[in-house]
Every structure is written in C-alpha cells, then in structure tokens.
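Quick look at model.pdb (PDB, C-alpha atoms):
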```pdb
ATOM      1  CA  MET A   1       3.519   0.857  -3.637
ATOM      2  CA  ALA A   2       5.704  -0.485  -6.595
ATOM      3  CA  THR A   3       3.401  -0.084  -9.542
ATOM      4  CA  LEU A   4       1.985  -2.458 -12.129
ATOM      5  CA  LEU A   5       2.557  -5.756 -10.393
ATOM      6  CA  LEU A   6       0.069  -7.172 -12.897
ATOM      7  CA  ILE A   7       1.081 -10.748 -12.520
ATOM      8  CA  ALA A   8      -0.034 -11.430  -8.970
ATOM      9  CA  CYS A   9      -2.161 -14.326 -10.063
ATOM     10  CA  LEU A  10       0.869 -16.339 -11.145
ATOM     11  CA  PRO A  11       2.202 -18.899  -8.664
ATOM     12  CA  THR A  12       4.836 -17.639  -6.273
ATOM     13  CA  ARG A  13       7.293 -19.180  -3.909
ATOM     14  CA  ARG A  14       7.502 -17.333  -0.701
ATOM     15  CA  PRO A  15       8.663 -17.802   2.864
ATOM     16  CA  HIS A  16       5.895 -18.415   5.306
ATOM     17  CA  LEU A  17       5.227 -15.117   7.007
ATOM     18  CA  SER A  18       3.026 -15.276  10.053
ATOM     19  CA  LEU A  19       2.403 -11.808  11.285
ATOM     20  CA  ARG A  20       0.325 -13.251  14.054
ATOM     21  CA  GLN A  21       3.538 -14.368  15.685
ATOM     22  CA  ARG A  22       4.483 -10.757  16.160
ATOM     23  CA  SER A  23       2.777  -8.753  18.859
ATOM     24  CA  TYR A  24       1.543  -5.539  17.310
ATOM     25  CA  LYS A  25      -0.564  -3.476  19.655
ATOM     26  CA  LEU A  26      -3.183  -1.973  17.436
ATOM     27  CA  ALA A  27      -5.136   0.934  18.779
ATOM     28  CA  PRO A  28      -8.818   0.137  19.088
ATOM     29  CA  ARG A  29     -10.847   1.593  16.275
ATOM     30  CA  ILE A  30     -14.380   2.748  16.929
ATOM     31  CA  THR A  31     -16.483   1.865  13.938
ATOM     32  CA  MET A  32     -19.355   3.873  12.613
ATOM     33  CA  ALA A  33     -21.661   0.960  13.358
ATOM     34  CA  SER A  34     -20.870   1.003  17.056
ATOM     35  CA  SER A  35     -20.793   4.767  17.383
ATOM     36  CA  SER A  36     -24.095   5.258  15.605
ATOM     37  CA  SER A  37     -25.850   2.776  17.857
ATOM     38  CA  SER A  38     -24.426   4.076  21.125
ATOM     39  CA  SER A  39     -24.482   7.835  20.588
ATOM     40  CA  PRO A  40     -27.098  10.233  19.235
ATOM     41  CA  PRO A  41     -26.634  11.792  15.802
ATOM     42  CA  SER A  42     -24.414  14.855  15.628
ATOM     43  CA  SER A  43     -26.229  18.141  16.199
ATOM     44  CA  ASP A  44     -24.117  19.635  13.413
ATOM     45  CA  PRO A  45     -25.196  18.122  10.070
ATOM     46  CA  SER A  46     -21.976  19.342   8.467
ATOM     47  CA  LEU A  47     -20.127  16.675  10.485
ATOM     48  CA  GLU A  48     -22.272  13.769   9.292
ATOM     49  CA  THR A  49     -20.489  11.089   7.266
ATOM     50  CA  VAL A  50     -23.637   9.217   6.197
ATOM     51  CA  ALA A  51     -26.197  10.669   3.802
ATOM     52  CA  PRO A  52     -29.635   8.996   4.146
ATOM     53  CA  HIS A  53     -30.232   8.975   0.393
ATOM     54  CA  ALA A  54     -26.716   7.778  -0.512
ATOM     55  CA  ALA A  55     -26.638   4.184   0.725
ATOM     56  CA  VAL A  56     -22.980   3.759  -0.177
ATOM     57  CA  THR A  57     -21.989   6.287   2.515
ATOM     58  CA  GLY A  58     -23.525   3.997   5.109
ATOM     59  CA  GLU A  59     -21.933   0.884   3.665
ATOM     60  CA  ARG A  60     -18.430   2.347   3.484
ATOM     61  CA  LYS A  61     -18.011   3.959   6.866
ATOM     62  CA  LEU A  62     -15.393   6.438   7.999
ATOM     63  CA  ASN A  63     -13.745   6.547  11.410
ATOM     64  CA  PRO A  64     -15.149   9.682  13.105
ATOM     65  CA  ASN A  65     -12.708   9.414  16.009
ATOM     66  CA  LEU A  66      -9.455   9.273  14.068
ATOM     67  CA  GLN A  67      -8.349  12.710  15.249
ATOM     68  CA  GLU A  68      -8.574  11.497  18.843
ATOM     69  CA  GLN A  69      -6.384   8.488  18.008
ATOM     70  CA  LEU A  70      -3.738  10.207  15.864
ATOM     71  CA  PRO A  71      -2.588  13.846  15.868
ATOM     72  CA  LYS A  72      -3.556  15.725  12.702
ATOM     73  CA  PRO A  73      -4.664  12.701  10.652
ATOM     74  CA  TYR A  74      -5.588  15.023   7.788
ATOM     75  CA  LEU A  75      -1.921  16.029   7.400
ATOM     76  CA  ALA A  76      -0.068  13.936   4.803
ATOM     77  CA  ARG A  77       3.318  12.819   6.157
ATOM     78  CA  ALA A  78       6.340  13.139   3.904
ATOM     79  CA  LEU A  79       8.736  10.862   5.809
ATOM     80  CA  ALA A  80       6.718   8.349   7.821
ATOM     81  CA  ALA A  81       3.772   5.993   7.317
ATOM     82  CA  VAL A  82       1.815   6.702  10.494
ATOM     83  CA  ASP A  83      -1.348   5.322  12.069
ATOM     84  CA  PRO A  84      -2.758   5.265  15.627
ATOM     85  CA  SER A  85      -0.489   2.355  16.569
ATOM     86  CA  HIS A  86       2.559   3.975  14.937
ATOM     87  CA  PRO A  87       2.171   7.744  15.416
ATOM     88  CA  GLN A  88       5.814   8.274  14.426
ATOM     89  CA  GLY A  89       5.949   5.626  11.719
ATOM     90  CA  THR A  90       8.001   2.438  11.724
ATOM     91  CA  ARG A  91      10.135   2.396  14.844
ATOM     92  CA  GLY A  92      13.845   2.818  14.176
ATOM     93  CA  ARG A  93      13.393   3.366  10.445
ATOM     94  CA  ASP A  94      15.707   5.901   8.816
ATOM     95  CA  ALA A  95      13.818   7.704   6.053
ATOM     96  CA  ARG A  96      17.111   9.004   4.616
ATOM     97  CA  GLY A  97      15.288  12.138   3.512
ATOM     98  CA  MET A  98      13.041  10.204   1.122
ATOM     99  CA  SER A  99       9.284  10.454   0.799
ATOM    100  CA  VAL A 100       7.252   7.448   1.884
ATOM    101  CA  LEU A 101       6.691   6.481  -1.750
ATOM    102  CA  GLN A 102      10.416   6.778  -2.448
ATOM    103  CA  GLN A 103      11.136   4.551   0.556
ATOM    104  CA  HIS A 104       8.697   2.002  -0.854
ATOM    105  CA  ALA A 105      10.491   1.975  -4.210
ATOM    106  CA  ALA A 106      14.018   2.143  -2.762
ATOM    107  CA  PHE A 107      13.922  -1.495  -1.668
ATOM    108  CA  PHE A 108      14.259  -2.432  -5.330
ATOM    109  CA  ASP A 109      17.285  -0.178  -5.794
ATOM    110  CA  ARG A 110      19.642  -2.972  -4.906
ATOM    111  CA  ASN A 111      22.884  -1.007  -5.261
ATOM    112  CA  GLY A 112      21.585   2.233  -3.735
ATOM    113  CA  ASP A 113      22.381   4.530  -6.660
ATOM    114  CA  GLY A 114      18.880   5.997  -6.908
ATOM    115  CA  ILE A 115      18.059   4.154 -10.143
ATOM    116  CA  ILE A 116      16.193   0.872 -10.507
ATOM    117  CA  TYR A 117      17.029  -1.289 -13.506
ATOM    118  CA  PRO A 118      14.948  -4.315 -14.591
ATOM    119  CA  TRP A 119      17.450  -6.777 -13.147
ATOM    120  CA  GLU A 120      17.202  -4.995  -9.789
ATOM    121  CA  THR A 121      13.409  -5.225  -9.873
ATOM    122  CA  PHE A 122      13.812  -8.943 -10.558
ATOM    123  CA  GLN A 123      16.198  -9.317  -7.608
ATOM    124  CA  GLY A 124      13.840  -7.399  -5.312
ATOM    125  CA  LEU A 125      10.846  -9.514  -6.262
ATOM    126  CA  ARG A 126      12.829 -12.676  -5.704
ATOM    127  CA  ALA A 127      13.982 -11.331  -2.327
ATOM    128  CA  ILE A 128      10.403 -10.966  -1.071
ATOM    129  CA  GLY A 129       9.491 -14.493  -2.110
ATOM    130  CA  CYS A 130       8.156 -14.234  -5.663
ATOM    131  CA  GLY A 131       8.830 -17.133  -7.994
ATOM    132  CA  TYR A 132      10.839 -16.883 -11.192
ATOM    133  CA  PRO A 133       7.875 -16.361 -13.569
ATOM    134  CA  VAL A 134       6.418 -13.561 -11.422
ATOM    135  CA  SER A 135       9.805 -11.927 -10.941
ATOM    136  CA  ILE A 136      10.707 -12.014 -14.632
ATOM    137  CA  ALA A 137       7.319 -10.721 -15.782
ATOM    138  CA  GLY A 138       7.248  -8.134 -13.006
ATOM    139  CA  ALA A 139      10.698  -6.814 -13.872
ATOM    140  CA  ILE A 140       9.680  -6.357 -17.490
ATOM    141  CA  LEU A 141       6.270  -4.800 -16.872
ATOM    142  CA  ILE A 142       7.163  -2.543 -13.962
ATOM    143  CA  ASN A 143      10.195  -1.019 -15.617
ATOM    144  CA  LEU A 144       8.506  -0.811 -19.001
ATOM    145  CA  VAL A 145       5.656   1.261 -17.565
ATOM    146  CA  LEU A 146       7.466   3.345 -14.946
ATOM    147  CA  SER A 147      10.675   4.077 -16.799
ATOM    148  CA  TYR A 148       9.631   6.928 -19.075
ATOM    149  CA  PRO A 149       7.483   8.902 -16.576
ATOM    150  CA  THR A 150      10.369   8.978 -14.083
ATOM    151  CA  GLN A 151      13.124  10.002 -16.509
ATOM    152  CA  PRO A 152      14.841  13.328 -15.737
ATOM    153  CA  GLY A 153      14.409  14.504 -19.351
ATOM    154  CA  TRP A 154      12.446  13.819 -22.515
ATOM    155  CA  MET A 155      14.659  11.021 -23.800
ATOM    156  CA  PRO A 156      13.597   7.487 -22.872
ATOM    157  CA  SER A 157      16.085   5.138 -21.280
ATOM    158  CA  PRO A 158      17.206   2.219 -23.490
ATOM    159  CA  LEU A 159      17.723   0.211 -20.283
ATOM    160  CA  PHE A 160      14.240   1.055 -18.948
ATOM    161  CA  SER A 161      15.601   2.569 -15.761
ATOM    162  CA  ILE A 162      13.336   4.002 -13.035
ATOM    163  CA  HIS A 163      14.559   7.140 -11.245
ATOM    164  CA  ILE A 164      13.471   7.086  -7.613
ATOM    165  CA  LYS A 165      13.604  10.876  -7.276
ATOM    166  CA  ASN A 166      10.743  11.085  -9.798
ATOM    167  CA  ILE A 167       8.777   8.033  -8.654
ATOM    168  CA  HIS A 168       5.781  10.219  -7.746
ATOM    169  CA  LYS A 169       5.246  10.772 -11.484
ATOM    170  CA  GLY A 170       4.420   7.084 -11.803
ATOM    171  CA  LYS A 171       1.469   7.236  -9.413
ATOM    172  CA  HIS A 172      -1.633   5.781 -11.069
ATOM    173  CA  GLY A 173      -5.339   6.299 -10.533
ATOM    174  CA  SER A 174      -7.994   3.965  -9.101
ATOM    175  CA  ASP A 175      -5.892   3.450  -5.973
ATOM    176  CA  SER A 176      -6.464   3.966  -2.248
ATOM    177  CA  GLU A 177      -4.952   7.484  -2.434
ATOM    178  CA  ALA A 178      -2.892   6.720   0.660
ATOM    179  CA  TYR A 179      -0.028   8.205  -1.348
ATOM    180  CA  ASP A 180      -0.698  11.750  -2.466
ATOM    181  CA  THR A 181       0.522  13.059  -5.816
ATOM    182  CA  GLU A 182       3.877  14.026  -4.295
ATOM    183  CA  GLY A 183       4.484  10.672  -2.631
ATOM    184  CA  ARG A 184       3.490  11.635   0.919
ATOM    185  CA  PHE A 185       1.499   9.239   3.112
ATOM    186  CA  ASP A 186      -2.078  10.276   3.940
ATOM    187  CA  PRO A 187      -3.114   8.726   7.297
ATOM    188  CA  SER A 188      -6.821   9.415   6.803
ATOM    189  CA  LYS A 189      -6.898   7.650   3.435
ATOM    190  CA  PHE A 190      -4.984   4.722   4.900
ATOM    191  CA  ASP A 191      -7.401   4.442   7.824
ATOM    192  CA  ALA A 192     -10.331   4.479   5.394
ATOM    193  CA  ILE A 193      -9.048   1.244   3.821
ATOM    194  CA  PHE A 194     -10.030  -0.581   6.996
ATOM    195  CA  SER A 195     -12.951   1.518   8.231
ATOM    196  CA  LYS A 196     -14.688   1.108   4.868
ATOM    197  CA  TYR A 197     -13.819  -2.448   3.955
ATOM    198  CA  GLY A 198     -12.588  -4.282   7.074
ATOM    199  CA  ARG A 199     -15.995  -5.636   8.073
ATOM    200  CA  THR A 200     -15.001  -9.074   9.340
ATOM    201  CA  HIS A 201     -11.996  -7.829  11.315
ATOM    202  CA  PRO A 202     -11.461  -4.125  12.124
ATOM    203  CA  ASN A 203      -7.717  -4.247  11.458
ATOM    204  CA  ALA A 204      -7.468  -6.758   8.616
ATOM    205  CA  LEU A 205      -8.931  -7.529   5.206
ATOM    206  CA  THR A 206     -10.144 -10.839   3.872
ATOM    207  CA  LYS A 207      -9.560 -11.590   0.193
ATOM    208  CA  ASP A 208     -13.189 -10.800  -0.593
ATOM    209  CA  GLU A 209     -12.967  -7.487   1.262
ATOM    210  CA  LEU A 210      -9.778  -6.686  -0.593
ATOM    211  CA  ASN A 211     -11.533  -7.339  -3.896
ATOM    212  CA  SER A 212     -14.402  -5.117  -2.807
ATOM    213  CA  MET A 213     -11.989  -2.285  -2.085
ATOM    214  CA  ILE A 214     -10.209  -2.685  -5.427
ATOM    215  CA  LYS A 215     -13.516  -2.483  -7.297
ATOM    216  CA  ALA A 216     -14.795   0.439  -5.230
ATOM    217  CA  ASN A 217     -11.655   2.483  -5.916
ATOM    218  CA  ARG A 218     -12.012   2.265  -9.686
ATOM    219  CA  ASN A 219     -12.166   5.609 -11.469
ATOM    220  CA  MET A 220     -14.322   5.779 -14.573
ATOM    221  CA  TYR A 221     -12.612   4.480 -17.733
ATOM    222  CA  ASP A 222      -9.248   4.253 -15.948
ATOM    223  CA  PHE A 223      -8.493   0.806 -17.324
ATOM    224  CA  ILE A 224      -4.753   1.003 -16.686
ATOM    225  CA  GLY A 225      -5.397   2.030 -13.082
ATOM    226  CA  TRP A 226      -7.891  -0.802 -12.599
ATOM    227  CA  ILE A 227      -5.400  -3.421 -13.721
ATOM    228  CA  THR A 228      -2.463  -1.846 -11.924
ATOM    229  CA  SER A 229      -4.232  -1.535  -8.600
ATOM    230  CA  ALA A 230      -5.553  -5.096  -8.757
ATOM    231  CA  GLY A 231      -2.082  -6.404  -9.565
ATOM    232  CA  GLU A 232      -0.435  -4.532  -6.707
ATOM    233  CA  TRP A 233      -2.920  -5.595  -4.060
ATOM    234  CA  MET A 234      -3.148  -9.204  -5.194
ATOM    235  CA  LEU A 235       0.615  -9.536  -5.197
ATOM    236  CA  LEU A 236       0.796  -8.048  -1.713
ATOM    237  CA  TYR A 237      -1.901 -10.469  -0.563
ATOM    238  CA  SER A 238      -0.115 -13.445  -2.098
ATOM    239  CA  VAL A 239       3.219 -12.789  -0.376
ATOM    240  CA  ALA A 240       2.064 -11.315   2.943
ATOM    241  CA  LYS A 241      -1.276 -12.766   4.036
ATOM    242  CA  ASP A 242      -1.249 -14.524   7.394
ATOM    243  CA  LYS A 243      -2.207 -18.105   8.298
ATOM    244  CA  GLU A 244      -5.894 -17.228   8.334
ATOM    245  CA  GLY A 245      -5.772 -15.633   4.905
ATOM    246  CA  LEU A 246      -5.979 -12.102   6.274
ATOM    247  CA  LEU A 247      -4.053  -9.057   5.141
ATOM    248  CA  GLN A 248      -3.272  -7.350   8.431
ATOM    249  CA  ARG A 249      -3.312  -3.591   8.889
ATOM    250  CA  GLU A 250       0.328  -3.562   9.998
ATOM    251  CA  THR A 251       1.302  -5.524   6.901
ATOM    252  CA  VAL A 252      -0.319  -2.947   4.643
ATOM    253  CA  ARG A 253       1.102   0.024   6.538
ATOM    254  CA  SER A 254       4.623  -1.373   6.384
ATOM    255  CA  ALA A 255       4.230  -2.094   2.672
ATOM    256  CA  PHE A 256       3.672   1.597   2.063
ATOM    257  CA  ASP A 257       7.043   2.577   3.561
ATOM    258  CA  GLY A 258       8.852  -0.524   2.297
ATOM    259  CA  SER A 259       9.725  -1.938   5.707
ATOM    260  CA  LEU A 260       7.554  -4.984   4.963
ATOM    261  CA  PHE A 261       9.840  -5.885   2.060
ATOM    262  CA  GLU A 262      12.829  -5.911   4.392
ATOM    263  CA  ARG A 263      10.991  -8.212   6.813
ATOM    264  CA  LEU A 264      10.024 -10.570   4.000
ATOM    265  CA  GLN A 265      13.592 -10.616   2.770
ATOM    266  CA  ASP A 266      14.923 -11.399   6.248
ATOM    267  CA  SER A 267      12.270 -14.086   6.693
ATOM    268  CA  LYS A 268      13.278 -15.745   3.424
ATOM    269  CA  LYS A 269      16.973 -15.675   4.373
ATOM    270  CA  SER A 270      16.275 -17.325   7.715
ATOM    271  CA  ALA A 271      13.959 -19.969   6.222
TER     272      ALA A 271
END
```
Written form, structure tokens:
Amino acid sequence: MATLLLIACLPTRRPHLSLRQRSYKLAPRITMASSSSSSPPSSDPSLETVAPHAAVTGERKLNPNLQEQLPKPYLARALAAVDPSHPQGTRGRDARGMSVLQQHAAFFDRNGDGIIYPWETFQGLRAIGCGYPVSIAGAILINLVLSYPTQPGWMPSPLFSIHIKNIHKGKHGSDSEAYDTEGRFDPSKFDAIFSKYGRTHPNALTKDELNSMIKANRNMYDFIGWITSAGEWMLLYSVAKDKEGLLQRETVRSAFDGSLFERLQDSKKSA
C-alpha cells in the first residue's frame, strides 16, 4: 500500500463509491467460533490455533479451513492479490511483470516511466478523490519518506523521486504483513485481517475493528510504523468505505494490487 499517508484525518472530497452495488461473490469463511462449537478439538495439539493460557489467541482467531478454500494459501504470490473469491487475482488485470506492491505503487506513476515524483503523487491522490490539502500534504510526506530508500544508489534525489523497482525497500513495520519484504502478496496474512478482526461482518471491517487491527499490529517502539500504518488505513477507509461505513474485503484486496485506485478514478470521472 502507498506508504505514509499520514494525513487521513484531513477532510477529503471523494466520489461516492458504493461497493454494495457491485455483486462480489465472496466465498463463505468458517470462523473459529463456529468451528470450535460444532466440531471436537483437534487430536493433534500441534494444529491448535488457540492456547488456553494465551487469551489473545482466542480473541484473534485464524481461519483453519483456508487451505480448503484457496490452493497453497501459505505461498506468497508475486503477481496477483489472491483470496478464496479471487484465486487468480483481479480478473483481467495485467501485472506487467510487477510485484503486487509495485502494482499498488504504479498507479501513482502517472507517465509510466517507473519513477514517481511528488507532483505525480499529488495527481494520483486527487484522482482517487482526496481533497487539495490531503493531496498536497500526502505528496510531500510520501515522497519525502520513500524517496531515499528506493534510490538506485547512495545519492539522494533533489526531486524526491520514488523508484518503483525498489519500492519494497520502503516497506514499514507494524503493518498487516500482507506484503512480504520483497513485495509479494501473502494470502494467509490477508485472510487473517478479517478472521481476527472482522467480528461484526466476516468479510468487512467497521471503523472500530479497523482501529483494533491497527493497534494490534504495532511492533514495540516502532513509532514511525505506528503512524504510517494508521495513516494508510484511515485514508483507505475515508475514500473507500461503503454506505454502511464498512471497509469491505474486496475493497482491501483490490487496494493491495492497485485495482481499487483505478475504480475510484473511473468513479470520480463518471460522477
């Protein structure tokens, strides 16, 4: 996800995006709560996902049936953001040989040259519905932070450019870990976002559940990661929540590969 969108709390102007108007067929997810009540405990303790003396393992449940819903969910995908409803990723999407994280960032490369300059970040934020204050601040902060780690050499860029080929070097801590350190997409980590925190709706997050996830993902003393992760998720929530104030699973999945940004852009153009 584009990093350090720290200004999500600022007011934004955005097209109204109602994902409920689209018909996404989400595969049913069996929760730990239902499986534990309807089936006896596993005879193999090495397969247990809840430790009796670690209450948090019971509160934040994993999906024990993910392997039955998606082939090899433990295998991080380089080219596609997959889940049980999208086992091959976003239908019709051309990865163009880029990792999922690179695809996410490439939306902001407005001229397609592999480099993102601050004015392109501004244009991309405006395209997905952010207001002028958010877009200006975002362009400054994102490029300021991500520019140097993604440079091909030791010299910083005076124009604060971001090189997409090295975008994996800008990955921060205290996140969902749905991107691995090379920019691949980890289906099991993505599924855990909803199995652990989607308690009201199995395939969506309320704002409170989103906040719970952000806090739970914090690594010790990783203050930059705390702020970065909160900014990213709150910005995503502000531009892509549905009419009921829910952040749908499909919205989040498509944000990881950048296809959500294209939908938001098209929605704004047609508004």
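In this structure, atom CA of Gly124 of chain A sits 9.9 Å away from atom CA of Glu262 of chain A.
Evaluating the PyMOL selection byres ((chain A and resi 207) around 10) against the shown model yields Ala204, Leu205, Thr206, Asp208, Glu209, Leu210, Asn211, Ser212, Met213, Trp233, Met234, Tyr237, Ser238, Lys241, Gly245, Leu246 and Leu247 of chain A.
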Write out the residues from the selection above, keeping C-alpha atoms, as a CSV table (one decimal), keeping the file's coordinate frame.
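Here's the written file out.csv:
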```csv
chain,number,residue,atom,x,y,z
A,204,ALA,CA,-7.5,-6.8,8.6
A,205,LEU,CA,-8.9,-7.5,5.2
A,206,THR,CA,-10.1,-10.8,3.9
A,208,ASP,CA,-13.2,-10.8,-0.6
A,209,GLU,CA,-13.0,-7.5,1.3
A,210,LEU,CA,-9.8,-6.7,-0.6
A,211,ASN,CA,-11.5,-7.3,-3.9
A,212,SER,CA,-14.4,-5.1,-2.8
A,213,MET,CA,-12.0,-2.3,-2.1
A,233,TRP,CA,-2.9,-5.6,-4.1
A,234,MET,CA,-3.1,-9.2,-5.2
A,237,TYR,CA,-1.9,-10.5,-0.6
A,238,SER,CA,-0.1,-13.4,-2.1
A,241,LYS,CA,-1.3,-12.8,4.0
A,245,GLY,CA,-5.8,-15.6,4.9
A,246,LEU,CA,-6.0,-12.1,6.3
A,247,LEU,CA,-4.1,-9.1,5.1
```
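If you look at atom CA of Ala105 of chain A and atom CA of Asp266 of chain A, they are 17.5 Å away from each other.
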Given the file shown, determine the residues that the PyMOL selection byres ((chain A and resi 106) around 10) selects; report them as a PDB file with C-alpha atoms, in the coordinates of the input.
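What follows is the written file expr_9.pdb:
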```pdb
ATOM      1  CA  ALA A   2       5.704  -0.485  -6.595  1.00  0.00           C
ATOM      2  CA  MET A  98      13.041  10.204   1.122  1.00  0.00           C
ATOM      3  CA  VAL A 100       7.252   7.448   1.884  1.00  0.00           C
ATOM      4  CA  LEU A 101       6.691   6.481  -1.750  1.00  0.00           C
ATOM      5  CA  GLN A 102      10.416   6.778  -2.448  1.00  0.00           C
ATOM      6  CA  GLN A 103      11.136   4.551   0.556  1.00  0.00           C
ATOM      7  CA  HIS A 104       8.697   2.002  -0.854  1.00  0.00           C
ATOM      8  CA  ALA A 105      10.491   1.975  -4.210  1.00  0.00           C
ATOM      9  CA  PHE A 107      13.922  -1.495  -1.668  1.00  0.00           C
ATOM     10  CA  PHE A 108      14.259  -2.432  -5.330  1.00  0.00           C
ATOM     11  CA  ASP A 109      17.285  -0.178  -5.794  1.00  0.00           C
ATOM     12  CA  ARG A 110      19.642  -2.972  -4.906  1.00  0.00           C
ATOM     13  CA  ASN A 111      22.884  -1.007  -5.261  1.00  0.00           C
ATOM     14  CA  GLY A 112      21.585   2.233  -3.735  1.00  0.00           C
ATOM     15  CA  ASP A 113      22.381   4.530  -6.660  1.00  0.00           C
ATOM     16  CA  GLY A 114      18.880   5.997  -6.908  1.00  0.00           C
ATOM     17  CA  ILE A 115      18.059   4.154 -10.143  1.00  0.00           C
ATOM     18  CA  ILE A 116      16.193   0.872 -10.507  1.00  0.00           C
ATOM     19  CA  GLY A 124      13.840  -7.399  -5.312  1.00  0.00           C
ATOM     20  CA  HIS A 163      14.559   7.140 -11.245  1.00  0.00           C
ATOM     21  CA  ILE A 164      13.471   7.086  -7.613  1.00  0.00           C
ATOM     22  CA  LYS A 165      13.604  10.876  -7.276  1.00  0.00           C
ATOM     23  CA  ILE A 167       8.777   8.033  -8.654  1.00  0.00           C
ATOM     24  CA  ASP A 257       7.043   2.577   3.561  1.00  0.00           C
ATOM     25  CA  GLY A 258       8.852  -0.524   2.297  1.00  0.00           C
TER      26      GLY A 258
END
```
Excluding same-chain residues fewer than 4 positions from Trp119 of chain A, what lies within 9 Å of it counting all atoms listed in the file, as a PyMOL selection string?
chain A and resi 123-124+136+139-140
Counting only C-alpha atoms, which residues come within 12 Å of (-12.3, 3.3, 7.9), with the point read in the file's coordinates, and could you list them as a VMD selection string?
chain A and resid 29 to 33 49 57 to 66 83 176 187 to 199 201 to 205 213 249
Going by the chain IDs and residue numbers used in this file, which residues fall under the PyMOL selection byres ((chain A and resi 75) around 9)? Write them as a VMD selection string.
chain A and resid 71 to 74 76 to 77 185 to 188
Nearest residue to Gln265 of chain A out of A:Asp242, A:Leu125, A:Tyr117, A:Arg253, using all atoms listed in the file?
A:Leu125
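For the residues A:Leu264, A:Val82, A:Ala54, A:Leu235, ranking by smallest atom-to-atom distance to Gly138 of chain A using all atoms listed in the file places A:Leu235 first.
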Record the distance separating atom CA of Asn217 of chain A and atom CA of Leu144 of chain A, expressed in Å with one decimal.
24.3 Å
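Comparing A:Ser229, A:Thr121, A:Gln151, A:Ser157 by their smallest distance to Ser174 of chain A, the closest is A:Ser229 (using only C-alpha atoms).
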